[in-house]
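Q: This is data01.txt (compact mmCIF, C-alpha atoms and all ligand atoms).
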# COMPACT_ATOMS: atom_id res chain seq x y z
CA MET C 198 40.57 43.03 -4.41
CA GLY C 199 40.04 39.99 -2.26
CA LEU C 200 37.28 37.53 -1.68
CA ILE C 201 34.48 38.51 0.69
CA VAL C 202 31.93 36.19 2.25
CA GLN C 203 28.63 37.83 3.16
CA LYS C 204 25.69 36.30 4.97
CA TYR C 205 22.14 37.63 4.88
CA GLY C 206 19.69 36.45 7.55
CA GLY C 207 16.00 35.61 7.25
CA THR C 208 14.63 39.14 7.73
CA SER C 209 17.15 40.52 5.24
CA VAL C 210 15.80 38.20 2.51
CA GLY C 211 12.24 38.18 3.89
CA THR C 212 10.52 39.64 0.81
CA ILE C 213 11.18 39.87 -2.92
CA GLU C 214 11.94 43.57 -2.51
CA ARG C 215 14.54 42.80 0.17
CA ILE C 216 16.11 40.11 -2.00
CA GLN C 217 16.46 42.78 -4.72
CA ARG C 218 18.19 45.06 -2.22
CA VAL C 219 20.56 42.27 -1.21
CA ALA C 220 21.34 41.69 -4.88
CA ASP C 221 22.11 45.41 -5.30
CA ARG C 222 24.49 45.39 -2.36
CA VAL C 223 26.29 42.26 -3.59
CA ILE C 224 26.64 43.85 -7.03
CA GLN C 225 28.26 46.96 -5.50
CA TYR C 226 30.98 44.76 -4.01
CA LYS C 227 31.37 42.81 -7.24
CA GLN C 228 31.70 46.06 -9.17
CA ALA C 229 34.40 47.17 -6.74
CA GLY C 230 36.34 44.10 -7.86
CA HIS C 231 35.69 41.58 -5.08
CA ASP C 232 35.06 37.89 -5.57
CA MET C 233 31.78 37.27 -3.79
CA VAL C 234 30.45 34.26 -1.91
CA VAL C 235 27.03 34.96 -0.42
CA VAL C 236 25.34 32.75 2.17
CA VAL C 237 21.62 33.18 2.73
CA SER C 238 19.09 31.98 5.28
CA ALA C 239 15.54 30.92 4.56
CA MET C 240 13.13 33.80 3.85
CA GLY C 241 11.61 35.50 6.92
CA LYS C 242 10.12 33.02 9.34
CA SER C 243 9.87 30.22 6.79
CA THR C 244 11.95 27.78 8.86
CA ASP C 245 9.44 28.24 11.71
CA VAL C 246 6.55 27.66 9.29
CA LEU C 247 8.11 24.41 8.05
CA LEU C 248 8.71 23.32 11.63
CA GLU C 249 5.08 24.00 12.56
CA MET C 250 3.86 21.94 9.59
CA ALA C 251 6.03 19.04 10.68
CA LYS C 252 4.75 19.29 14.28
CA GLU C 253 1.15 19.21 13.02
CA ILE C 254 1.85 15.83 11.50
CA ALA C 255 4.01 14.38 14.26
CA PRO C 256 4.79 15.83 17.70
CA GLN C 257 8.29 14.32 17.50
CA PRO C 258 9.00 14.04 13.78
CA SER C 259 11.88 11.94 12.50
CA GLU C 260 15.05 14.00 12.74
CA ARG C 261 16.18 12.87 9.30
CA GLU C 262 12.94 13.99 7.64
CA LEU C 263 13.00 17.24 9.60
CA ASP C 264 16.42 18.08 8.16
CA MET C 265 15.18 17.14 4.70
CA LEU C 266 12.27 19.56 5.19
CA LEU C 267 14.08 22.46 6.87
CA SER C 268 16.90 22.48 4.33
CA THR C 269 14.39 23.43 1.63
CA GLY C 270 13.93 26.92 3.14
CA GLU C 271 17.44 28.01 2.18
CA GLN C 272 17.09 26.51 -1.30
CA VAL C 273 14.23 28.89 -2.04
CA SER C 274 16.26 31.96 -1.12
CA ILE C 275 19.49 30.95 -2.93
CA ALA C 276 17.57 30.41 -6.17
CA LEU C 277 15.64 33.68 -5.87
CA LEU C 278 18.76 35.69 -5.07
CA CYS C 279 20.57 34.21 -8.06
CA MET C 280 17.62 35.04 -10.30
CA ALA C 281 17.70 38.62 -9.03
CA LEU C 282 21.45 38.86 -9.70
CA GLN C 283 21.08 37.36 -13.16
CA GLN C 284 18.17 39.68 -13.98
CA LYS C 285 20.42 42.62 -13.08
CA GLY C 286 22.99 41.34 -15.55
CA TYR C 287 25.38 39.41 -13.27
CA ASP C 288 26.46 35.82 -13.62
CA ALA C 289 25.55 33.94 -10.45
CA VAL C 290 25.14 30.33 -9.37
CA SER C 291 23.31 28.88 -6.38
CA LEU C 292 24.76 25.90 -4.50
CA THR C 293 23.17 23.73 -1.83
CA GLY C 294 25.33 22.75 1.14
CA TRP C 295 26.45 19.51 -0.47
CA GLN C 296 27.15 21.15 -3.82
CA ALA C 297 29.32 23.64 -1.96
CA GLY C 298 31.27 20.70 -0.49
CA ILE C 299 30.15 21.11 3.13
CA THR C 300 30.52 17.79 4.98
CA THR C 301 29.17 17.48 8.50
CA GLU C 302 28.96 14.92 11.27
CA ALA C 303 26.17 12.39 10.85
CA VAL C 304 23.96 14.11 13.42
CA HIS C 305 20.58 15.55 12.55
CA GLY C 306 19.42 18.94 13.79
CA LYS C 307 22.74 20.18 15.19
CA ALA C 308 25.51 18.76 13.03
CA ARG C 309 29.01 20.22 13.16
CA ILE C 310 30.87 20.98 9.96
CA LYS C 311 33.74 18.49 9.56
CA SER C 312 35.32 19.71 6.35
CA ILE C 313 34.75 21.82 3.28
CA ASP C 314 35.87 20.78 -0.16
CA ASN C 315 35.80 24.18 -1.84
CA GLU C 316 36.83 23.04 -5.31
CA ARG C 317 33.41 23.71 -6.86
CA ILE C 318 33.14 27.19 -5.30
CA LEU C 319 36.63 28.09 -6.55
CA ARG C 320 35.76 26.85 -10.03
CA GLU C 321 32.64 29.05 -10.12
CA LEU C 322 34.58 32.06 -8.83
CA ARG C 323 37.25 31.53 -11.48
CA ALA C 324 34.48 31.61 -14.09
CA GLY C 325 33.59 35.09 -12.76
CA ARG C 326 30.36 34.05 -11.05
CA ILE C 327 28.87 35.29 -7.82
CA VAL C 328 28.43 32.15 -5.71
CA VAL C 329 25.31 31.93 -3.54
CA VAL C 330 25.38 29.14 -0.95
CA ALA C 331 22.51 27.76 1.14
CA GLY C 332 23.21 28.38 4.81
CA PHE C 333 22.49 26.00 7.69
CA GLN C 334 22.90 22.74 5.74
CA GLY C 335 25.47 20.14 4.83
CA ILE C 336 25.79 16.48 4.04
CA SER C 337 27.15 13.59 6.11
CA ASP C 338 29.60 10.96 4.87
CA GLU C 339 26.57 8.70 4.44
CA LYS C 340 25.12 11.31 2.03
CA GLU C 341 22.34 12.32 4.39
CA ILE C 342 21.25 15.97 4.43
CA THR C 343 21.97 17.53 7.80
CA THR C 344 21.34 20.93 9.40
CA LEU C 345 23.60 22.85 11.75
CA GLY C 346 21.09 24.00 14.40
CA ARG C 347 18.87 27.08 14.48
CA GLY C 348 20.74 30.17 13.36
CA GLY C 349 23.37 27.96 11.72
CA SER C 350 23.76 30.00 8.52
CA ASP C 351 26.21 32.24 10.38
CA THR C 352 28.40 29.18 10.86
CA THR C 353 28.17 28.26 7.18
CA ALA C 354 29.41 31.75 6.31
CA VAL C 355 32.32 31.78 8.77
CA ALA C 356 33.36 28.24 7.84
CA LEU C 357 33.38 29.18 4.15
CA ALA C 358 35.33 32.37 4.92
CA ALA C 359 37.93 30.29 6.79
CA SER C 360 38.14 27.65 4.10
CA LEU C 361 38.42 30.21 1.27
CA ASN C 362 40.79 32.44 3.26
CA ALA C 363 38.42 35.36 2.70
CA GLU C 364 39.40 38.96 3.41
CA LYS C 365 36.43 39.18 5.78
CA CYS C 366 33.08 37.69 6.66
CA GLU C 367 30.20 40.15 6.92
CA ILE C 368 27.04 39.05 8.72
CA PHE C 369 24.14 41.23 7.57
CA THR C 370 21.16 41.18 9.89
CA ASP C 371 18.20 43.20 11.15
CA VAL C 372 20.15 45.15 13.80
CA ALA C 373 23.16 47.42 13.30
CA GLY C 374 25.62 45.16 15.11
CA VAL C 375 26.20 43.48 18.45
CA PHE C 376 24.54 45.45 21.24
CA THR C 377 25.07 45.52 25.01
CA ALA C 378 21.83 43.50 25.29
CA ASP C 379 19.08 42.32 22.95
CA PRO C 380 17.66 45.63 21.65
CA ARG C 381 14.22 44.03 21.51
CA VAL C 382 14.29 43.71 25.31
CA VAL C 383 16.43 46.69 26.31
CA PRO C 384 15.56 49.83 24.33
CA THR C 385 18.65 51.61 25.71
CA ALA C 386 21.06 48.92 24.52
CA GLN C 387 24.13 50.34 22.76
CA LYS C 388 25.93 49.10 19.72
CA LEU C 389 29.46 47.88 20.49
CA PRO C 390 32.03 49.05 17.94
CA ARG C 391 34.21 46.06 18.83
CA ILE C 392 33.98 42.91 20.88
CA SER C 393 36.50 40.14 21.55
CA TYR C 394 35.93 36.62 20.22
CA ASP C 395 35.83 35.35 23.81
CA GLU C 396 33.19 37.79 25.01
CA MET C 397 31.14 37.25 21.87
CA LEU C 398 31.40 33.49 22.31
CA GLU C 399 30.07 33.77 25.87
CA LEU C 400 27.25 36.11 24.80
CA ALA C 401 26.27 33.84 21.89
CA ASN C 402 26.37 30.71 24.05
CA LEU C 403 24.31 32.48 26.70
CA GLY C 404 21.49 33.34 24.33
CA ALA C 405 22.46 36.49 22.37
CA GLY C 406 20.92 35.15 19.15
CA VAL C 407 22.67 37.67 16.91
CA LEU C 408 25.42 35.12 16.12
CA HIS C 409 25.33 31.33 16.13
CA PRO C 410 27.86 30.25 18.82
CA ARG C 411 29.70 27.90 16.47
CA SER C 412 30.28 30.73 14.01
CA VAL C 413 32.16 32.62 16.73
CA GLU C 414 34.08 29.48 17.70
CA ALA C 415 35.14 29.01 14.07
CA ALA C 416 36.00 32.70 13.64
CA LYS C 417 38.25 32.58 16.72
CA LYS C 418 39.90 29.32 15.70
CA TYR C 419 40.64 30.36 12.13
CA LYS C 420 41.11 34.09 12.86
CA VAL C 421 38.34 35.15 10.50
CA LYS C 422 37.73 38.88 10.42
CA LEU C 423 34.07 38.97 11.37
CA VAL C 424 31.73 41.96 11.11
CA VAL C 425 28.07 42.12 12.15
CA ARG C 426 26.07 44.88 10.49
CA SER C 427 22.68 45.99 9.25
CA SER C 428 21.38 44.92 5.87
CA PHE C 429 19.12 48.00 5.88
CA THR C 430 21.65 50.79 6.37
CA ALA C 431 25.24 51.59 5.42
CA GLU C 432 26.17 52.07 9.09
CA GLU C 433 29.39 50.50 10.37
CA GLY C 434 28.76 47.38 12.35
CA THR C 435 30.55 45.56 15.16
CA TYR C 436 33.99 44.01 14.63
CA VAL C 437 34.42 40.70 16.38
CA GLU C 438 38.14 40.24 16.80
CA GLU C 439 41.06 39.05 18.88
CA GLY C 440 41.53 40.37 22.40
CA SER C 441 39.89 43.78 22.20
CA THR C 442 37.55 44.45 25.06
CA MET C 443 35.17 47.33 25.11
CA GLU C 444 36.89 50.67 24.84
CA THR C 445 34.89 52.10 27.71
CA GLY C 446 36.75 49.96 30.24
CA ARG C 447 33.50 48.69 31.68
CA VAL C 448 33.53 45.59 33.85
CA VAL C 449 30.51 44.18 32.04
CA SER C 450 30.27 44.39 28.24
CA GLY C 451 26.88 42.85 27.75
CA VAL C 452 23.83 41.16 29.25
CA ALA C 453 22.35 38.07 27.61
CA HIS C 454 19.27 36.03 28.30
CA ASP C 455 18.04 32.62 27.26
CA GLU C 456 14.51 31.34 27.74
CA ASP C 457 15.35 27.91 26.39
CA VAL C 458 16.05 26.44 29.82
CA ALA C 459 14.69 23.44 31.70
CA LYS C 460 15.91 22.20 35.07
CA ILE C 461 16.12 18.51 35.92
CA THR C 462 16.73 17.20 39.44
CA VAL C 463 17.81 13.62 39.96
CA VAL C 464 16.79 12.82 43.52
CA GLY C 465 18.53 10.28 45.75
CA MET C 466 21.66 9.36 43.81
CA PRO C 467 23.97 7.07 45.76
CA VAL C 468 27.08 8.88 47.03
CA ARG C 469 29.98 6.87 45.64
CA VAL C 470 32.88 7.31 43.26
CA GLY C 471 31.84 7.36 39.62
CA THR C 472 28.15 8.32 40.11
CA LEU C 473 28.45 11.66 38.36
CA SER C 474 30.52 10.20 35.58
CA ARG C 475 27.92 7.47 34.91
CA LEU C 476 25.03 9.93 34.96
CA PHE C 477 26.52 12.51 32.62
CA ASN C 478 28.09 9.96 30.29
CA THR C 479 24.71 8.33 29.86
CA LEU C 480 23.18 11.71 28.99
CA ALA C 481 26.02 12.63 26.62
CA ASN C 482 25.80 9.30 24.82
CA ASN C 483 22.18 10.16 24.11
CA GLN C 484 23.02 13.58 22.64
CA VAL C 485 21.75 15.54 25.67
CA ASN C 486 23.70 18.77 26.18
CA VAL C 487 23.93 19.66 29.85
CA ASP C 488 24.62 23.19 31.04
CA ILE C 489 24.67 24.24 34.71
CA ILE C 490 25.20 21.41 37.23
CA ILE C 491 24.65 21.56 41.00
CA GLN C 492 25.20 18.68 43.40
CA SER C 493 23.84 18.80 46.91
CA SER C 494 24.45 16.06 49.46
CA TYR C 495 21.98 15.87 52.26
CA ASP C 496 23.42 12.86 54.03
CA ALA C 497 26.42 10.56 53.67
CA ALA C 498 24.59 8.07 51.49
CA GLU C 499 22.56 10.11 49.01
CA SER C 500 22.76 13.32 47.02
CA ASN C 501 20.57 15.28 44.63
CA ILE C 502 21.92 16.47 41.32
CA SER C 503 20.27 19.34 39.46
CA PHE C 504 21.22 20.41 35.96
CA THR C 505 19.82 22.43 33.11
CA VAL C 506 19.18 21.37 29.51
CA SER C 507 17.49 23.09 26.58
CA LEU C 508 13.74 22.62 26.19
CA THR C 509 14.42 20.65 22.99
CA ASP C 510 16.64 18.19 24.86
CA LEU C 511 14.25 17.86 27.84
CA PRO C 512 12.11 14.94 26.51
CA ARG C 513 15.24 13.03 25.48
CA ALA C 514 16.92 13.72 28.82
CA LEU C 515 13.89 12.47 30.77
CA SER C 516 13.45 9.34 28.68
CA THR C 517 17.18 8.57 28.86
CA LEU C 518 17.09 8.81 32.66
CA GLU C 519 14.02 6.61 32.82
CA GLN C 520 15.65 3.98 30.60
CA HIS C 521 18.74 3.90 32.82
CA ARG C 522 16.94 4.17 36.14
CA GLU C 523 18.20 0.83 37.48
CA GLU C 524 21.88 1.18 36.72
CA LEU C 525 21.97 4.83 37.87
CA ALA C 526 20.10 3.83 41.05
CA PHE C 527 18.34 7.15 41.76
CA ARG C 528 15.02 7.45 43.56
CA LYS C 529 13.15 9.84 41.26
CA VAL C 530 13.48 12.62 38.71
CA ASP C 531 11.78 16.04 38.90
CA HIS C 532 11.82 18.72 36.26
CA GLU C 533 10.91 22.38 36.01
CA VAL C 534 10.16 24.63 33.03
CA GLY C 535 9.17 28.32 32.88
CA LEU C 536 12.74 29.37 33.65
CA SER C 537 15.28 31.60 32.01
CA LYS C 538 18.98 32.23 32.33
CA VAL C 539 20.21 35.80 32.64
CA SER C 540 23.94 36.43 32.28
CA ILE C 541 26.43 39.26 32.50
CA VAL C 542 29.55 38.97 30.35
CA GLY C 543 32.76 40.99 30.35
CA ALA C 544 36.51 40.40 30.18
CA GLY C 545 36.74 43.28 32.68
CA MET C 546 35.37 41.11 35.50
CA ILE C 547 38.49 38.90 35.65
CA ASN C 548 40.20 41.23 38.11
CA ASN C 549 37.12 42.70 39.71
CA PRO C 550 35.86 40.87 42.77
CA GLY C 551 32.29 41.47 43.81
CA VAL C 552 30.69 41.44 40.38
CA ALA C 553 28.65 38.33 41.10
CA ALA C 554 27.67 39.73 44.52
CA GLU C 555 26.46 42.93 42.86
CA MET C 556 24.42 40.93 40.36
CA PHE C 557 22.74 38.95 43.17
CA ARG C 558 22.04 42.17 45.09
CA GLN C 559 20.44 43.81 42.06
CA LEU C 560 18.20 40.80 41.43
CA ALA C 561 17.28 40.56 45.12
CA GLU C 562 16.27 44.24 45.15
CA GLN C 563 13.76 43.44 42.41
CA GLU C 564 12.61 40.43 44.47
CA ILE C 565 13.73 38.05 41.75
CA SER C 566 14.62 34.62 43.12
CA ILE C 567 17.78 32.91 41.89
CA LYS C 568 17.48 29.16 41.37
CA MET C 569 20.93 28.32 40.06
CA VAL C 570 24.21 30.13 39.47
CA SER C 571 27.14 29.46 37.22
CA THR C 572 30.32 31.48 36.72
CA SER C 573 33.42 31.57 34.57
CA ASP C 574 36.28 34.07 34.31
CA ILE C 575 34.20 36.40 32.18
CA LYS C 576 30.56 35.67 32.99
CA VAL C 577 28.02 35.14 35.75
CA SER C 578 24.71 33.43 34.95
CA CYS C 579 21.60 33.11 37.10
CA VAL C 580 18.62 30.88 36.42
CA ILE C 581 15.46 32.75 37.41
CA PRO C 582 11.68 32.47 36.83
CA ALA C 583 11.05 33.32 33.16
CA GLU C 584 8.38 35.91 33.96
CA HIS C 585 11.09 38.19 35.39
CA THR C 586 13.46 37.95 32.42
CA ALA C 587 12.94 41.41 30.92
CA LEU C 588 13.02 43.11 34.33
CA ALA C 589 16.23 41.29 35.25
CA VAL C 590 17.98 42.12 31.96
CA ARG C 591 17.01 45.80 32.14
CA THR C 592 17.98 46.07 35.80
CA LEU C 593 21.42 44.55 35.21
CA HIS C 594 21.94 46.64 32.08
CA THR C 595 21.41 49.81 34.09
CA ALA C 596 23.27 48.61 37.19
CA PHE C 597 26.42 47.78 35.24
CA GLY C 598 26.50 51.12 33.45
CA LEU C 599 25.48 50.02 29.97
CA ASP C 600 22.60 52.46 29.56
CA ASP C 601 24.27 55.71 28.56
CA VAL C 602 22.89 55.81 25.10
CA GLU C 603 25.09 57.07 22.33
CA GLU C 604 23.51 55.11 19.58
CA LYS C 605 19.99 53.78 19.70
CA ALA C 606 19.22 50.28 18.48
CA VAL C 607 16.90 50.16 15.52
CA VAL C 608 15.21 46.86 14.87
CA HIS C 609 13.76 46.49 11.41
CA GLY C 610 11.17 44.19 10.06
CA LEU C 611 9.39 43.19 13.25
P1 LIG Z 1 19.21 36.79 11.24
O1 LIG Z 1 17.93 36.25 10.73
O2 LIG Z 1 19.73 37.95 10.46
O3 LIG Z 1 20.25 35.72 11.45
P2 LIG Z 1 18.67 36.79 14.08
O4 LIG Z 1 17.25 36.99 14.47
O5 LIG Z 1 19.22 35.42 14.12
O6 LIG Z 1 18.86 37.44 12.64
O7 LIG Z 1 19.63 37.71 14.96
C1 LIG Z 1 19.37 39.09 15.08
C2 LIG Z 1 18.58 39.35 16.35
O8 LIG Z 1 19.39 38.99 17.46
C3 LIG Z 1 18.21 40.78 16.60
O9 LIG Z 1 17.03 41.14 15.95
C4 LIG Z 1 18.11 40.85 18.12
O10 LIG Z 1 16.78 40.83 18.56
C5 LIG Z 1 18.78 39.59 18.60
N1 LIG Z 1 19.80 39.83 19.62
C6 LIG Z 1 19.92 39.19 20.80
N2 LIG Z 1 20.93 39.66 21.50
C7 LIG Z 1 21.51 40.63 20.78
C8 LIG Z 1 22.63 41.49 20.98
N3 LIG Z 1 23.36 41.44 22.09
N4 LIG Z 1 22.93 42.39 20.00
C9 LIG Z 1 22.22 42.45 18.87
N5 LIG Z 1 21.14 41.66 18.62
C10 LIG Z 1 20.79 40.75 19.55
N1 LIG Z 2 16.93 29.17 8.58
C1 LIG Z 2 17.62 28.67 9.74
C2 LIG Z 2 16.91 29.14 11.01
O1 LIG Z 2 15.90 29.82 10.92
C3 LIG Z 2 19.07 29.01 9.76
C4 LIG Z 2 19.39 30.48 9.92
O2 LIG Z 2 18.52 31.35 9.76
O3 LIG Z 2 20.55 30.78 10.19
O4 LIG Z 2 17.32 28.80 12.08
MG MG Z 3 20.60 34.36 12.98
Would you mind writing the file's structure down as structure tokens?

A:
Amino acid sequence: MGLIVQKYGGTSVGTIERIQRVADRVIQYKQAGHDMVVVVSAMGKSTDVLLEMAKEIAPQPSERELDMLLSTGEQVSIALLCMALQQKGYDAVSLTGWQAGITTEAVHGKARIKSIDNERILRELRAGRIVVVAGFQGISDEKEITTLGRGGSDTTAVALAASLNAEKCEIFTDVAGVFTADPRVVPTAQKLPRISYDEMLELANLGAGVLHPRSVEAAKKYKVKLVVRSSFTAEEGTYVEEGSTMETGRVVSGVAHDEDVAKITVVGMPVRVGTLSRLFNTLANNQVNVDIIIQSSYDAAESNISFTVSLTDLPRALSTLEQHREELAFRKVDHEVGLSKVSIVGAGMINNPGVAAEMFRQLAEQEISIKMVSTSDIKVSCVIPAEHTALAVRTLHTAFGLDDVEEKAVVHGL
């Protein structure tokens, strides 16, 4: 029997009773003869609570201290889960990110894992222990505690599964798998039995919060067998794997939405070679992640450049632009919030012209204005006013044939 990595999200370890249930499930696997490495998130909404406390003290708290604070959430749940396992008669040990050998970049708030030295985990497994690792955290070469970004425990689990060459990585959460849309927004969303790494990566990047995008990236890169399933039922989940598209042959496999969108317009940029490069290099050097970009020239000398960033990056983006106003030589900067990005994703659209046109038509019929568009081989995204998000997602879900309900989404613990 091989090694299995399991990850339990916040809702799944949200109460003492749920931690007991997680312990019971882990024990079942252990009894079946598996070596077990279990990654847990902070209990319930405790990361949000910590974040709110920090914001009460400082509107823009130090990123280092924020990581120090947020990493404590996972330390509570690893210790409690180990106590539950021990109380039930099983030898278990909890490890923080650094104890588990997880080294990250020296970036606070969204660090990438650089390497994992799994010697300690292997030693504990050899001693017959269940190893419980704190998700979402690591340590930089400078020995600073870092976090991987919201939802990052998924990435901890997949990275450990890759490093330990695990048989599979099971992500236990509060829904039964990956659905055709967020079941909280679309009650008719269906569970997908399978989804390809590429489609899942698009969905995750486009706001389907069920998996942290980097966990999918890592699973694809290291060919980790990844399963998303419910921690409340025994139901089979969704397999995220190489190449398989949805069995139904649909053009669109899922609809995603993201309300973490701000639009910035840099007005009056000089039209000359290198302008775009200077602008976006300046932003990148200041850790601003840019998403959709649109350039519009209105005369030979000047152009406007609009782009989207996350709401978290907005203040940094605006201050960076202000600081570099002279060298970038623009006239002014405008920004807009209250937006969302709605996307359709599907490998089936590669050879199907007219998918984007159909999406625009559907949104127009609902009188939803489209502010920006972005496409790739397997997705089309539209930035729209946030108040129309749910209507847009439901409309597209129906229009692209995703509604025929075979299996209803059940969301627990709301
Ligand atoms: P966890 O705490 O277990 O990591 P998350 O809240 O991060 O759980 O992720 C699970 C949630 O993701 C679900 O409750 C659901 O609302 C949301 N979600 C968004 N898009 C999807 C989707 N396409 N399929 C399933 N769940 C989705
Ligand atoms: N506790 C962290 C968060 O709430 C990490 C995670 O849950 O994956 O974002
Ligand atoms: Mg999550």

Q: Could you give me, as a VMD selection string, the residues within 10 Å of C:Met198, counting all atoms listed in the file and dropping anything in the same chain fewer than 5 positions from it?

A: chain C and resid 226 to 227 229 to 232 364

Q: Might you pull out every residue within 9 Å of C:Ser428, with all atoms listed in the file counted and same-chain residues fewer than 3 positions away left off, and present them as a VMD selection string?

A: chain C and resid 205 to 206 209 218 to 219 222 368 to 373 431

Q: Between C:Asn478, C:Gln387, C:Thr244, C:Gln283, which residue has the minimum interatomic distance to ligand MG 3 (chain Z), considering only C-alpha atoms and all ligand atoms?

A: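 The answer is C:Thr244, which sits nearest to ligand MG 3 (chain Z).
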
Q: Which residues form the shell of 6 Å around ligand MG 3 (chain Z) when you count all atoms listed in the file, given as a PyMOL selection string?

A: chain C and resi 206+348+407-408

Q: Contacts of C:Gly598 at 9 Å or less, counting all atoms listed in the file, minus same-chain residues fewer than 4 places along, as a list of chain:residue names?

A: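 Near C:Gly598, the qualifying residues are C:Arg447, C:Val448, C:Val449, C:Leu593, C:His594.
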
Q: Check every protein, DNA and RNA residue against ligand LIG 2 (chain Z), keep those with an atom at most 7 Å away (counting all atoms listed in the file), and present them as a PyMOL selection string.

A: chain C and resi 206-207+238-239+242+244-245+270-271+332-333+346-351

Q: If we count only C-alpha atoms, what is near C:Glu396 at a cut-off of 8 Å, once residues fewer than 3 positions away on the same chain are taken out, given as a list in words?

A: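 Those residues are Ile392, Ser393, Glu399, Leu400, Thr442, Ser450, Val542, Gly543, Ala544 and Ile575 of chain C.
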
Q: Produce the centre coordinates and the three edge lengths, each in Å to one decimal, of the box along x, y and z that contains all listed atoms of ligand LIG 1 (chain Z) with 4 Å added on each side, as AutoDock Vina command-line options.

A:
--center_x 20.1 --center_y 38.9 --center_z 16.3 --size_x 14.6 --size_y 15.0 --size_z 19.6

Q: For the atom pair atom CA of C:Val534 and atom CA of C:Asn402, what is the interatomic distance in Å to one decimal place?

A: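 Going from atom CA of C:Val534 over to atom CA of C:Asn402, I get 19.5 Å.
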
Q: Mind pulling up the distance from atom CA of C:Tyr287 to atom CA of C:Ala354?

A: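 Separation between atom CA of C:Ala354 and atom CA of C:Tyr287: 21.4 Å.
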
Q: Name the closest residue to C:Glu367 among the candidates C:Asn548, C:Asn482, C:Ser573, C:Gln203; distances are taken between atoms, counting all atoms listed in the file.

A: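 Comparing C:Asn548, C:Asn482, C:Ser573, C:Gln203 against C:Glu367, the winner is C:Gln203.
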
Q: Using all atoms listed in the file for the distances, tell me which of C:Arg391, C:Arg309, C:Lys365, C:Lys252 is nearest to ligand LIG 1 (chain Z).

A: C:Arg391

Q: Skip stretch 303-305 of chain C itself and residues of its chain fewer than 5 positions away, then list as a list in words all residues within 7 Å of it, counting all atoms listed in the file.

A: Glu260, Arg261, Asp264, Ser337, Thr343 and Thr344 of chain C

Q: To one decimal in Å, tell me the separation between atom CA of C:Ala359 and atom CA of C:Ile313.

A: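 Computing it gives 9.7 Å between the two atoms.
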
Q: Determine the nearest neighbour of ligand LIG 1 (chain Z) from the options C:Gly306, C:Gly451, C:Gly199, C:Pro550, counting all atoms listed in the file.

A: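 Of all the options, C:Gly451 lies closest to ligand LIG 1 (chain Z).
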